[in-house]
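J.: Structure file upload-v6.cif (mmCIF, C-alpha atoms and all ligand atoms) right here:
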```
data_my_file
loop_
_atom_site.group_PDB
_atom_site.id
_atom_site.type_symbol
_atom_site.label_atom_id
_atom_site.label_comp_id
_atom_site.auth_asym_id
_atom_site.auth_seq_id
_atom_site.Cartn_x
_atom_site.Cartn_y
_atom_site.Cartn_z
ATOM 1 C CA MET A 1 37.373 -3.200 -15.291
ATOM 2 C CA GLU A 2 36.148 -2.274 -11.812
ATOM 3 C CA GLU A 3 32.530 -1.836 -10.733
ATOM 4 C CA PHE A 4 31.075 -0.344 -7.549
ATOM 5 C CA THR A 5 31.127 -2.809 -4.628
ATOM 6 C CA ALA A 6 27.883 -4.118 -3.135
ATOM 7 C CA SER A 7 28.202 -1.821 -0.112
ATOM 8 C CA GLN A 8 28.930 1.197 -2.337
ATOM 9 C CA ILE A 9 25.858 0.395 -4.454
ATOM 10 C CA GLN A 10 23.742 0.012 -1.326
ATOM 11 C CA ARG A 11 24.893 3.401 -0.017
ATOM 12 C CA LEU A 12 24.291 5.093 -3.360
ATOM 13 C CA ASN A 13 20.804 3.538 -3.529
ATOM 14 C CA GLU A 14 20.083 4.799 -0.011
ATOM 15 C CA LEU A 15 21.083 8.250 -1.169
ATOM 16 C CA GLY A 16 18.664 7.969 -4.083
ATOM 17 C CA ILE A 17 21.201 7.121 -6.837
ATOM 18 C CA ASP A 18 19.906 4.161 -8.821
ATOM 19 C CA ASN A 19 22.209 4.269 -11.822
ATOM 20 C CA THR A 20 25.260 2.458 -10.413
ATOM 21 C CA CYS A 21 26.538 0.371 -13.327
ATOM 22 C CA ASP A 22 29.543 2.552 -14.260
ATOM 23 C CA GLN A 23 32.870 0.813 -14.937
ATOM 24 C CA PHE A 24 36.338 2.107 -13.980
ATOM 25 C CA ASP A 25 39.969 1.451 -15.036
ATOM 26 C CA SER A 26 41.162 1.032 -11.442
ATOM 27 C CA VAL A 27 40.001 0.602 -7.862
ATOM 28 C CA ASN A 28 41.309 4.087 -7.066
ATOM 29 C CA LYS A 29 39.254 5.699 -9.808
ATOM 30 C CA ARG A 30 36.187 3.745 -8.702
ATOM 31 C CA ASN A 31 36.579 4.796 -5.059
ATOM 32 C CA HIS A 32 37.203 8.376 -6.042
ATOM 33 C CA SER A 33 34.061 8.396 -8.184
ATOM 34 C CA PHE A 34 32.054 6.828 -5.358
ATOM 35 C CA GLU A 35 33.231 9.519 -2.925
ATOM 36 C CA GLU A 36 32.341 12.272 -5.388
ATOM 37 C CA ILE A 37 28.848 10.928 -6.162
ATOM 38 C CA ALA A 38 28.132 10.205 -2.484
ATOM 39 C CA ARG A 39 29.310 13.685 -1.432
ATOM 40 C CA HIS A 40 27.121 15.354 -4.046
ATOM 41 C CA ALA A 41 24.088 13.197 -3.178
ATOM 42 C CA THR A 42 24.587 13.849 0.533
ATOM 43 C CA LYS A 43 24.603 17.590 -0.103
ATOM 44 C CA THR A 44 21.440 17.314 -2.208
ATOM 45 C CA SER A 45 19.707 15.236 0.496
ATOM 46 C CA ARG A 46 20.733 17.708 3.199
ATOM 47 C CA ASN A 47 19.266 20.592 1.200
ATOM 48 C CA GLN A 48 16.100 18.591 0.531
ATOM 49 C CA LEU A 49 15.678 17.935 4.257
ATOM 50 C CA ILE A 50 16.180 21.621 5.067
ATOM 51 C CA ASP A 51 13.637 22.606 2.397
ATOM 52 C CA ARG A 52 11.247 19.892 3.542
ATOM 53 C CA CYS A 53 11.276 21.233 7.107
ATOM 54 C CA GLY A 54 10.285 24.693 5.873
ATOM 55 C CA GLU A 55 7.590 23.568 3.458
ATOM 56 C CA ARG A 56 4.653 23.186 5.856
ATOM 57 C CA ARG A 57 3.113 20.284 4.013
ATOM 58 C CA ARG A 58 2.145 16.770 4.995
ATOM 59 C CA HIS A 59 4.105 13.601 4.287
ATOM 60 C CA SER A 60 3.414 12.403 0.720
ATOM 61 C CA VAL A 61 1.580 9.306 1.987
ATOM 62 C CA LYS A 62 -0.679 11.422 4.216
ATOM 63 C CA GLU A 63 -1.128 13.993 1.467
ATOM 64 C CA MET A 64 -2.213 11.268 -0.957
ATOM 65 C CA GLU A 65 -4.527 9.828 1.688
ATOM 66 C CA CYS A 66 -6.132 13.275 2.246
ATOM 67 C CA GLU A 67 -6.598 13.877 -1.454
ATOM 68 C CA ILE A 68 -8.266 10.520 -2.042
ATOM 69 C CA VAL A 69 -10.406 10.824 1.077
ATOM 70 C CA SER A 70 -11.701 14.247 0.023
ATOM 71 C CA HIS A 71 -12.835 12.785 -3.325
ATOM 72 C CA LEU A 72 -14.557 9.888 -1.580
ATOM 73 C CA ILE A 73 -16.359 12.139 0.914
ATOM 74 C CA ALA A 74 -17.473 14.414 -1.928
ATOM 75 C CA ASP A 75 -18.818 11.319 -3.700
ATOM 76 C CA GLY A 76 -20.996 10.354 -0.708
ATOM 77 C CA TYR A 77 -18.774 7.777 1.044
ATOM 78 C CA THR A 78 -18.890 7.374 4.827
ATOM 79 C CA GLU A 79 -15.559 6.922 6.615
ATOM 80 C CA CYS A 80 -15.118 4.017 9.035
ATOM 81 C CA PHE A 81 -12.467 4.035 11.767
ATOM 82 C CA THR A 82 -12.040 0.533 13.108
ATOM 83 C CA PRO A 83 -9.504 -1.254 15.370
ATOM 84 C CA ILE A 84 -6.036 -2.188 14.195
ATOM 85 C CA ILE A 85 -6.019 -5.098 16.642
ATOM 86 C CA ILE A 86 -8.416 -7.760 15.402
ATOM 87 C CA LYS A 87 -9.553 -11.175 16.598
ATOM 88 C CA LYS A 88 -8.488 -14.479 15.117
ATOM 89 C CA GLY A 89 -12.166 -15.168 14.281
ATOM 90 C CA GLY A 90 -12.109 -12.260 11.817
ATOM 91 C CA LEU A 91 -9.387 -14.033 9.827
ATOM 92 C CA TYR A 92 -11.236 -17.360 9.944
ATOM 93 C CA ARG A 93 -14.286 -15.568 8.546
ATOM 94 C CA MET A 94 -12.096 -14.416 5.628
ATOM 95 C CA GLY A 95 -11.615 -18.102 4.852
ATOM 96 C CA LEU A 96 -8.034 -17.968 6.139
ATOM 97 C CA SER A 97 -6.475 -20.665 8.271
ATOM 98 C CA GLU A 98 -3.063 -21.936 9.340
ATOM 99 C CA LYS A 99 -2.513 -23.559 5.937
ATOM 100 C CA HIS A 100 -2.660 -20.288 3.951
ATOM 101 C CA SER A 101 0.488 -18.329 3.155
ATOM 102 C CA LEU A 102 -1.139 -15.054 4.294
ATOM 103 C CA TRP A 103 -1.667 -16.631 7.741
ATOM 104 C CA ARG A 104 2.097 -16.980 8.098
ATOM 105 C CA GLN A 105 2.439 -13.265 7.364
ATOM 106 C CA VAL A 106 0.273 -12.257 10.318
ATOM 107 C CA PHE A 107 1.789 -10.478 13.337
ATOM 108 C CA TRP A 108 0.218 -12.191 16.366
ATOM 109 C CA LEU A 109 -0.049 -10.320 19.663
ATOM 110 C CA ASN A 110 -1.262 -13.383 21.576
ATOM 111 C CA ASP A 111 -3.116 -16.583 20.690
ATOM 112 C CA LYS A 112 -6.383 -14.737 19.969
ATOM 113 C CA GLU A 113 -5.415 -11.326 18.569
ATOM 114 C CA CYS A 114 -3.278 -9.935 15.784
ATOM 115 C CA LEU A 115 -2.465 -6.732 13.912
ATOM 116 C CA ARG A 116 -4.851 -6.592 10.972
ATOM 117 C CA PRO A 117 -3.292 -7.723 7.688
ATOM 118 C CA MET A 118 -6.317 -6.306 5.804
ATOM 119 C CA LEU A 119 -9.376 -4.123 6.415
ATOM 120 C CA ALA A 120 -11.995 -6.519 5.063
ATOM 121 C CA PRO A 121 -12.952 -8.330 8.325
ATOM 122 C CA ASN A 122 -13.801 -5.004 9.993
ATOM 123 C CA LEU A 123 -15.583 -3.628 6.944
ATOM 124 C CA TYR A 124 -17.711 -6.776 6.691
ATOM 125 C CA CYS A 125 -18.731 -6.105 10.304
ATOM 126 C CA MET A 126 -19.614 -2.474 9.475
ATOM 127 C CA ILE A 127 -21.706 -3.524 6.489
ATOM 128 C CA ARG A 128 -23.549 -6.124 8.555
ATOM 129 C CA HIS A 129 -24.544 -3.491 11.113
ATOM 130 C CA LEU A 130 -25.239 -0.574 8.781
ATOM 131 C CA LYS A 131 -27.407 -2.623 6.425
ATOM 132 C CA ARG A 132 -29.874 -3.121 9.254
ATOM 133 C CA PHE A 133 -30.679 0.610 9.166
ATOM 134 C CA VAL A 134 -29.776 1.882 5.725
ATOM 135 C CA SER A 135 -31.943 0.842 2.832
ATOM 136 C CA GLY A 136 -30.658 1.359 -0.678
ATOM 137 C CA PRO A 137 -27.082 2.027 -1.750
ATOM 138 C CA LEU A 138 -24.453 2.536 0.925
ATOM 139 C CA LYS A 139 -20.855 3.583 0.319
ATOM 140 C CA ILE A 140 -18.173 3.187 2.988
ATOM 141 C CA PHE A 141 -14.385 3.318 3.171
ATOM 142 C CA GLU A 142 -11.539 3.032 5.633
ATOM 143 C CA VAL A 143 -7.919 4.029 5.272
ATOM 144 C CA GLY A 144 -5.322 2.959 7.791
ATOM 145 C CA PRO A 145 -2.381 0.781 8.776
ATOM 146 C CA CYS A 146 -2.207 -2.914 7.896
ATOM 147 C CA PHE A 147 0.587 -5.301 8.778
ATOM 148 C CA ARG A 148 2.092 -8.308 7.004
ATOM 149 C CA LYS A 149 5.380 -10.113 7.562
ATOM 150 C CA GLU A 150 7.101 -9.710 4.214
ATOM 151 C CA SER A 151 10.399 -10.985 2.924
ATOM 152 C CA GLN A 152 12.598 -8.224 1.549
ATOM 153 C CA GLY A 153 11.506 -6.587 -1.671
ATOM 154 C CA ASN A 154 11.176 -3.123 -3.088
ATOM 155 C CA LYS A 155 7.371 -3.142 -3.286
ATOM 156 C CA HIS A 156 6.483 -4.525 0.134
ATOM 157 C CA LEU A 157 6.462 -2.983 3.591
ATOM 158 C CA GLU A 158 5.654 -4.757 6.827
ATOM 159 C CA GLU A 159 3.486 -1.778 7.845
ATOM 160 C CA PHE A 160 1.555 -0.135 5.047
ATOM 161 C CA THR A 161 -1.541 1.979 4.516
ATOM 162 C CA MET A 162 -4.520 0.298 2.955
ATOM 163 C CA LEU A 163 -7.513 2.128 1.516
ATOM 164 C CA ASN A 164 -10.623 0.015 1.069
ATOM 165 C CA LEU A 165 -13.763 1.394 -0.497
ATOM 166 C CA VAL A 166 -16.954 -0.605 -0.708
ATOM 167 C CA GLU A 167 -20.204 0.125 -2.477
ATOM 168 C CA ILE A 168 -23.130 -1.899 -1.168
ATOM 169 C CA ASP A 169 -26.378 -2.629 -2.995
ATOM 170 C CA SER A 170 -25.168 -0.840 -6.077
ATOM 171 C CA GLU A 171 -26.904 -1.749 -9.287
ATOM 172 C CA GLY A 172 -25.514 -2.614 -12.692
ATOM 173 C CA ASP A 173 -22.744 -4.722 -14.103
ATOM 174 C CA ARG A 174 -20.213 -5.753 -11.403
ATOM 175 C CA VAL A 175 -17.147 -5.291 -13.552
ATOM 176 C CA GLU A 176 -18.347 -1.843 -14.597
ATOM 177 C CA ARG A 177 -18.895 -0.946 -10.930
ATOM 178 C CA VAL A 178 -15.285 -2.000 -10.168
ATOM 179 C CA ALA A 179 -14.088 0.191 -13.029
ATOM 180 C CA ASP A 180 -16.077 3.157 -11.647
ATOM 181 C CA LEU A 181 -14.702 2.733 -8.111
ATOM 182 C CA VAL A 182 -11.158 2.480 -9.413
ATOM 183 C CA LYS A 183 -11.654 5.557 -11.590
ATOM 184 C CA LEU A 184 -12.795 7.584 -8.584
ATOM 185 C CA VAL A 185 -9.421 7.015 -6.907
ATOM 186 C CA MET A 186 -7.112 6.822 -9.903
ATOM 187 C CA GLU A 187 -8.366 9.561 -12.215
ATOM 188 C CA PRO A 188 -7.255 12.513 -10.049
ATOM 189 C CA LEU A 189 -3.798 10.931 -9.636
ATOM 190 C CA ASP A 190 -3.082 11.031 -13.338
ATOM 191 C CA LEU A 191 -1.460 7.561 -13.405
ATOM 192 C CA ARG A 192 -2.130 5.288 -16.385
ATOM 193 C CA TYR A 193 -3.532 1.981 -15.182
ATOM 194 C CA GLU A 194 -5.090 -1.215 -16.450
ATOM 195 C CA LEU A 195 -7.471 -3.790 -14.976
ATOM 196 C CA ILE A 196 -6.336 -7.429 -15.079
ATOM 197 C CA ASN A 197 -8.287 -10.528 -14.005
ATOM 198 C CA GLU A 198 -6.412 -12.401 -11.253
ATOM 199 C CA SER A 199 -7.069 -14.940 -8.545
ATOM 200 C CA SER A 200 -6.434 -14.398 -4.841
ATOM 201 C CA GLU A 201 -6.006 -16.745 -1.870
ATOM 202 C CA VAL A 202 -8.729 -14.900 0.049
ATOM 203 C CA TYR A 203 -11.174 -13.577 -2.525
ATOM 204 C CA GLY A 204 -10.901 -16.097 -5.364
ATOM 205 C CA GLU A 205 -11.414 -14.226 -8.626
ATOM 206 C CA THR A 206 -10.222 -10.617 -8.345
ATOM 207 C CA ILE A 207 -9.485 -7.730 -10.652
ATOM 208 C CA ASP A 208 -6.042 -6.237 -10.110
ATOM 209 C CA ILE A 209 -5.270 -2.620 -10.889
ATOM 210 C CA MET A 210 -1.816 -2.362 -12.435
ATOM 211 C CA VAL A 211 0.462 0.621 -13.088
ATOM 212 C CA ASN A 212 3.568 -0.149 -15.167
ATOM 213 C CA GLY A 213 3.175 -3.854 -14.315
ATOM 214 C CA ILE A 214 2.938 -3.140 -10.557
ATOM 215 C CA GLU A 215 -0.214 -3.999 -8.608
ATOM 216 C CA VAL A 216 -1.602 -0.935 -6.821
ATOM 217 C CA ALA A 217 -4.966 -2.424 -5.856
ATOM 218 C CA SER A 218 -7.162 -5.510 -5.953
ATOM 219 C CA ALA A 219 -10.906 -5.462 -6.443
ATOM 220 C CA SER A 220 -13.565 -8.016 -5.682
ATOM 221 C CA PHE A 221 -17.341 -8.210 -5.572
ATOM 222 C CA GLY A 222 -20.222 -10.064 -3.998
ATOM 223 C CA PRO A 223 -22.405 -12.068 -3.771
ATOM 224 C CA HIS A 224 -19.261 -13.845 -2.584
ATOM 225 C CA LYS A 225 -18.547 -17.160 -0.870
ATOM 226 C CA LEU A 226 -17.331 -15.275 2.260
ATOM 227 C CA ASP A 227 -20.552 -13.229 2.615
ATOM 228 C CA LYS A 228 -22.584 -15.819 4.504
ATOM 229 C CA MET A 229 -19.926 -16.356 7.199
ATOM 230 C CA ASN A 230 -19.793 -12.579 7.658
ATOM 231 C CA GLY A 231 -23.562 -12.096 7.880
ATOM 232 C CA VAL A 232 -23.834 -10.108 4.661
ATOM 233 C CA ASP A 233 -26.438 -10.908 2.031
ATOM 234 C CA THR A 234 -26.425 -7.915 -0.293
ATOM 235 C CA PRO A 235 -24.320 -7.406 -3.420
ATOM 236 C CA TRP A 236 -21.195 -5.289 -3.012
ATOM 237 C CA THR A 237 -18.202 -4.030 -4.931
ATOM 238 C CA GLY A 238 -14.912 -3.363 -3.163
ATOM 239 C CA VAL A 239 -11.391 -2.212 -3.976
ATOM 240 C CA GLY A 240 -8.292 -2.203 -1.721
ATOM 241 C CA PHE A 241 -5.425 0.162 -2.593
ATOM 242 C CA GLY A 242 -1.931 0.392 -1.106
ATOM 243 C CA ILE A 243 -1.276 4.119 -0.590
ATOM 244 C CA GLU A 244 2.530 3.754 -0.382
ATOM 245 C CA ARG A 245 2.557 1.894 -3.713
ATOM 246 C CA LEU A 246 0.706 4.797 -5.329
ATOM 247 C CA VAL A 247 3.146 7.321 -3.829
ATOM 248 C CA GLN A 248 6.121 5.162 -4.847
ATOM 249 C CA LEU A 249 4.900 5.146 -8.452
ATOM 250 C CA LEU A 250 3.964 8.825 -8.556
ATOM 251 C CA ASN A 251 7.318 9.875 -7.074
ATOM 252 C CA GLY A 252 9.268 7.461 -9.286
ATOM 253 C CA GLU A 253 10.898 5.742 -6.284
ATOM 254 C CA THR A 254 12.535 2.371 -6.951
ATOM 255 C CA ASN A 255 12.118 1.273 -3.326
ATOM 256 C CA ILE A 256 8.855 1.593 -1.391
ATOM 257 C CA LYS A 257 10.840 1.822 1.871
ATOM 258 C CA ARG A 258 11.777 5.389 0.981
ATOM 259 C CA VAL A 259 8.143 6.497 1.203
ATOM 260 C CA GLY A 260 6.787 4.213 3.950
ATOM 261 C CA ARG A 261 6.854 4.637 7.733
ATOM 262 C CA SER A 262 10.556 4.949 8.480
ATOM 263 C CA LEU A 263 13.287 6.170 10.795
ATOM 264 C CA ALA A 264 15.800 6.067 7.933
ATOM 265 C CA TYR A 265 13.899 8.271 5.461
ATOM 266 C CA LEU A 266 11.720 11.337 5.691
ATOM 267 C CA ASP A 267 9.389 11.436 2.705
ATOM 268 C CA GLY A 268 11.913 9.896 0.316
ATOM 269 C CA VAL A 269 15.053 11.556 1.689
ATOM 270 C CA ARG A 270 17.719 9.607 3.597
ATOM 271 C CA LEU A 271 18.225 10.837 7.167
ATOM 272 C CA ASP A 272 21.566 9.262 8.176
ATOM 273 C CA ILE A 273 23.696 11.423 5.892
HETATM 274 P P1 LIG A 301 1.127 -8.333 -3.610
HETATM 275 O O1 LIG A 301 0.675 -9.416 -4.559
HETATM 276 O O2 LIG A 301 1.757 -7.163 -4.294
HETATM 277 O O3 LIG A 301 1.922 -8.848 -2.449
HETATM 278 P P2 LIG A 301 -1.478 -8.589 -2.489
HETATM 279 O O4 LIG A 301 -2.282 -9.030 -3.664
HETATM 280 O O5 LIG A 301 -1.065 -9.594 -1.489
HETATM 281 O O6 LIG A 301 -0.201 -7.733 -2.973
HETATM 282 P P3 LIG A 301 -3.798 -7.301 -1.477
HETATM 283 O O7 LIG A 301 -4.173 -8.177 -0.359
HETATM 284 O O8 LIG A 301 -4.540 -7.401 -2.765
HETATM 285 O O9 LIG A 301 -2.235 -7.406 -1.735
HETATM 286 O O10 LIG A 301 -3.832 -5.800 -0.920
HETATM 287 C C1 LIG A 301 -4.330 -4.672 -1.655
HETATM 288 C C2 LIG A 301 -3.223 -3.704 -1.968
HETATM 289 O O11 LIG A 301 -2.480 -3.354 -0.801
HETATM 290 C C3 LIG A 301 -2.156 -4.219 -2.937
HETATM 291 O O12 LIG A 301 -2.609 -4.090 -4.264
HETATM 292 C C4 LIG A 301 -0.977 -3.310 -2.643
HETATM 293 O O13 LIG A 301 -1.126 -2.065 -3.303
HETATM 294 C C5 LIG A 301 -1.127 -3.082 -1.154
HETATM 295 N N1 LIG A 301 -0.224 -3.973 -0.402
HETATM 296 C C6 LIG A 301 -0.419 -5.261 -0.060
HETATM 297 N N2 LIG A 301 0.606 -5.741 0.656
HETATM 298 C C7 LIG A 301 1.485 -4.716 0.771
HETATM 299 C C8 LIG A 301 2.755 -4.574 1.419
HETATM 300 N N3 LIG A 301 3.311 -5.573 2.115
HETATM 301 N N4 LIG A 301 3.372 -3.382 1.352
HETATM 302 C C9 LIG A 301 2.813 -2.352 0.669
HETATM 303 N N5 LIG A 301 1.621 -2.411 0.059
HETATM 304 C C10 LIG A 301 0.957 -3.581 0.099
HETATM 305 MG MG MG A 302 -3.891 -8.267 -4.561
#
```
Could you render the structure as structure tokens?

T.:
Amino acid sequence: MEEFTASQIQRLNELGIDNTCDQFDSVNKRNHSFEEIARHATKTSRNQLIDRCGERRRHSVKEMECEIVSHLIADGYTECFTPIIIKKGGLYRMGLSEKHSLWRQVFWLNDKECLRPMLAPNLYCMIRHLKRFVSGPLKIFEVGPCFRKESQGNKHLEEFTMLNLVEIDSEGDRVERVADLVKLVMEPLDLRYELINESSEVYGETIDIMVNGIEVASASFGPHKLDKMNGVDTPWTGVGFGIERLVQLLNGETNIKRVGRSLAYLDGVRLDI
């Protein structure tokens, strides 16, 4: 029996066809079937692109970002807008150093600066400043690009959009606060999720937010061992979400690359067809 070749499977996957385990009596029949499926998928993609250009809506990742941000603003969060280029010191203050695996994932611009792999160093800085003026609870968030060198995989991008929300000086049980923050983002999305205790290289004990066994966010809380180095001495609760992961799951995409920043796809549809 004949199966699709690796390059045929790759092309069908690019065109959004994931079910490629058919078997055929002969090479001819296989190739004929491939041509038929590819032709049909190409036509579908072309129509989707034409429709997409007339739809006057934002990219799914941006749309998701807007929806979440509007809920956060309505809930009293203040948006931060901090640099994408950060200093090496910011990573050291996250307890990272050359011996950590995340360090090897960092895109360095020169020997002192890199593209941020996370939002936390900048948000620590914001908290440190804002807490000098704001007494009582303070809620902040940032959403924006983060960068990590990743080996290939269908859940990782080298450029992705992180959303971090942090509640400072909130009262009550820490784990319950995490659950409330997660609910604020997840409830409107209508995705079933669960909270799992995990441990992270940077934060130590974390709570991961999982959808169908896939991590969509990690949460942590202080007082934390990193607080002192970052000049923060108030309790906090924080969660970091990957927006593309949420879109990937909501749209039922097998590969995150279809929904991330891309020159090969526009919002899930292959362009080189
Ligand atoms: P993973 O274990 O999946 O590699 P992580 O635990 O290293 O993720 P965190 O540092 O906890 O990631 O980042 C918070 C969230 O950001 C993750 O839960 C995920 O949704 C998202 N994220 C992290 N790295 C990537 C990536 N390379 N591409 C897309 N999203 C990512
Ligand atoms: Mg994590």

J.: Can you work out which one of A:Ser220, A:Leu184, A:Arg52, A:Ile214 has the shortest atom-to-atom distance to Asn197 in chain A, counting all atoms listed in the file?

T.: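 Result for the nearest residue to Asn197 in chain A: A:Ser220.
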
J.: Go through A:Val211, A:Ala217, A:Met94, A:Cys125 one by one, measure the shortest atom-to-atom distance of each to ligand LIG 301 (chain A) using all atoms listed in the file, and give the residue with the smallest value.

T.: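 The closest residue to ligand LIG 301 (chain A) is A:Ala217.
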
J.: Could you work out how far CA of Glu187 in chain A lies from CA of Pro145 in chain A, giving the answer in Å with one decimal?

T.: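 About the pair CA of Pro145 in chain A and CA of Glu187 in chain A: they are 23.5 Å apart.
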
J.: Written as an mmCIF file with C-alpha atoms, in the frame of the given file, what is the full residue list that the PyMOL selection byres (((chain A and resi 90) around 9) and not hetatm) yields on the file shown?

T.:
```cif
data_model
loop_
_atom_site.group_PDB
_atom_site.id
_atom_site.type_symbol
_atom_site.label_atom_id
_atom_site.label_comp_id
_atom_site.auth_asym_id
_atom_site.auth_seq_id
_atom_site.Cartn_x
_atom_site.Cartn_y
_atom_site.Cartn_z
ATOM 1 C CA ILE A 86 -8.416 -7.760 15.402
ATOM 2 C CA LYS A 87 -9.553 -11.175 16.598
ATOM 3 C CA LYS A 88 -8.488 -14.479 15.117
ATOM 4 C CA GLY A 89 -12.166 -15.168 14.281
ATOM 5 C CA LEU A 91 -9.387 -14.033 9.827
ATOM 6 C CA TYR A 92 -11.236 -17.360 9.944
ATOM 7 C CA ARG A 93 -14.286 -15.568 8.546
ATOM 8 C CA MET A 94 -12.096 -14.416 5.628
ATOM 9 C CA ALA A 120 -11.995 -6.519 5.063
ATOM 10 C CA PRO A 121 -12.952 -8.330 8.325
ATOM 11 C CA ASN A 122 -13.801 -5.004 9.993
ATOM 12 C CA ASN A 230 -19.793 -12.579 7.658
#
```

J.: Report the closest atom pair, with its distance in Å rounded to one decimal, for each residue of range 79-157 of chain A that has an atom no farther than 10 Å from range 250-271 of chain A; count all atoms listed in the file, sort by chain and then rising residue number, and write it as a Markdown table.

T.:
```
| residue | atom | partner | partner_atom | distance |
| --- | --- | --- | --- | --- |
| A:Gly153 | CA | A:Asn255 | CA | 8.1 |
| A:Asn154 | CA | A:Asn255 | CA | 4.5 |
| A:Lys155 | CA | A:Ile256 | CA | 5.3 |
| A:His156 | CA | A:Ile256 | CA | 6.7 |
| A:Leu157 | CA | A:Lys257 | CA | 6.7 |
```

J.: Of the candidates A:Met210, A:Val178, A:Leu138, A:Ala38, which one gets nearest to ligand MG 302 (chain A) if we count all atoms listed in the file?

T.: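 Distance minimum relative to ligand MG 302 (chain A) lands on A:Met210.
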
J.: On this structure, the PyMOL selection byres (((not hetatm)) within 10 of (chain A and resi 302)) would catch which residues? List them as a list in words, sorted by chain and number.

T.: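 So the PyMOL selection byres (((not hetatm)) within 10 of (chain A and resi 302)), applied here, picks out Glu198, Ser199, Ser200, Glu201, Val202, Tyr203, Thr206, Ile207, Asp208, Ile209, Glu215, Val216, Ala217, Ser218, Ala219, Ser220, Val239, Gly240, Phe241 and Gly242 of chain A.
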
J.: What gap, in Å, lies between CA of Arg132 in chain A and CA of Asp169 in chain A?

T.: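 Taking CA of Arg132 in chain A as the start and CA of Asp169 in chain A as the end point, the length is 12.7 Å.
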
J.: Adding 4 Å on each side of the box along x, y and z that holds all listed atoms of ligand LIG 301 (chain A), could you give its centre and edge lengths in Å to one decimal, as lines of an AutoDock Vina configuration file?

T.:
```
center_x = -0.6
center_y = -5.8
center_z = -1.2
size_x = 15.9
size_y = 15.5
size_z = 14.7
```

J.: Quick one, how far is CA of Ile84 in chain A from CA of Ala179 in chain A?

T.: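 It comes out at 28.5 Å.
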
J.: Which residues would end up in the selection if the PyMOL selection byres (((chain A and resi 227) around 12) and not hetatm) were applied here, given that I need the answer as a list in words?

T.: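 Written out, the selection comes to Arg93, Met94, Gly95, Ala120, Pro121, Leu123, Tyr124, Cys125, Ile127, Arg128, Tyr203, Phe221, Gly222, Pro223, His224, Lys225, Leu226, Lys228, Met229, Asn230, Gly231, Val232, Asp233, Thr234, Pro235 and Trp236 of chain A.
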
J.: Between A:Met1, A:Cys146, A:Leu163, A:Met126, which one has atoms that come closest to Val106 in chain A, using only C-alpha atoms?

T.: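 Of the candidates, the smallest distance to Val106 in chain A is held by A:Cys146.
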
J.: Hey, which of A:Lys149, A:Arg116, A:Arg177, A:Lys139 ends up closest to ligand LIG 301 (chain A)? Count only C-alpha atoms and all ligand atoms.

T.: A:Lys149

J.: Go through A:Phe141, A:Trp103, A:Phe34, A:Phe24 and flag the residue nearest Glu65 in chain A, using all atoms listed in the file for the distances.

T.: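 Looking only at the distances to Glu65 in chain A, the closest residue turns out to be A:Phe141.
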
J.: So which residues touch Phe147 in chain A within 10 Å, counting all atoms listed in the file, skipping near sequence neighbours fewer than 6 positions away, as a list in words?

T.: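 What passes the distance filter is Ile84, Gln105, Val106, Phe107, Cys114, Leu115, Arg116, Pro117, Met118, Leu157, Glu158, Glu159, Phe160, Thr161 and Met162 of chain A.
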
J.: Name the residues in contact with Val166 in chain A at a cut-off of 6 Å, using all atoms listed in the file, excluding same-chain residues fewer than 2 positions from it; report them as JSON, numbers by chain.

T.: {"A": [139, 140, 237, 238]}
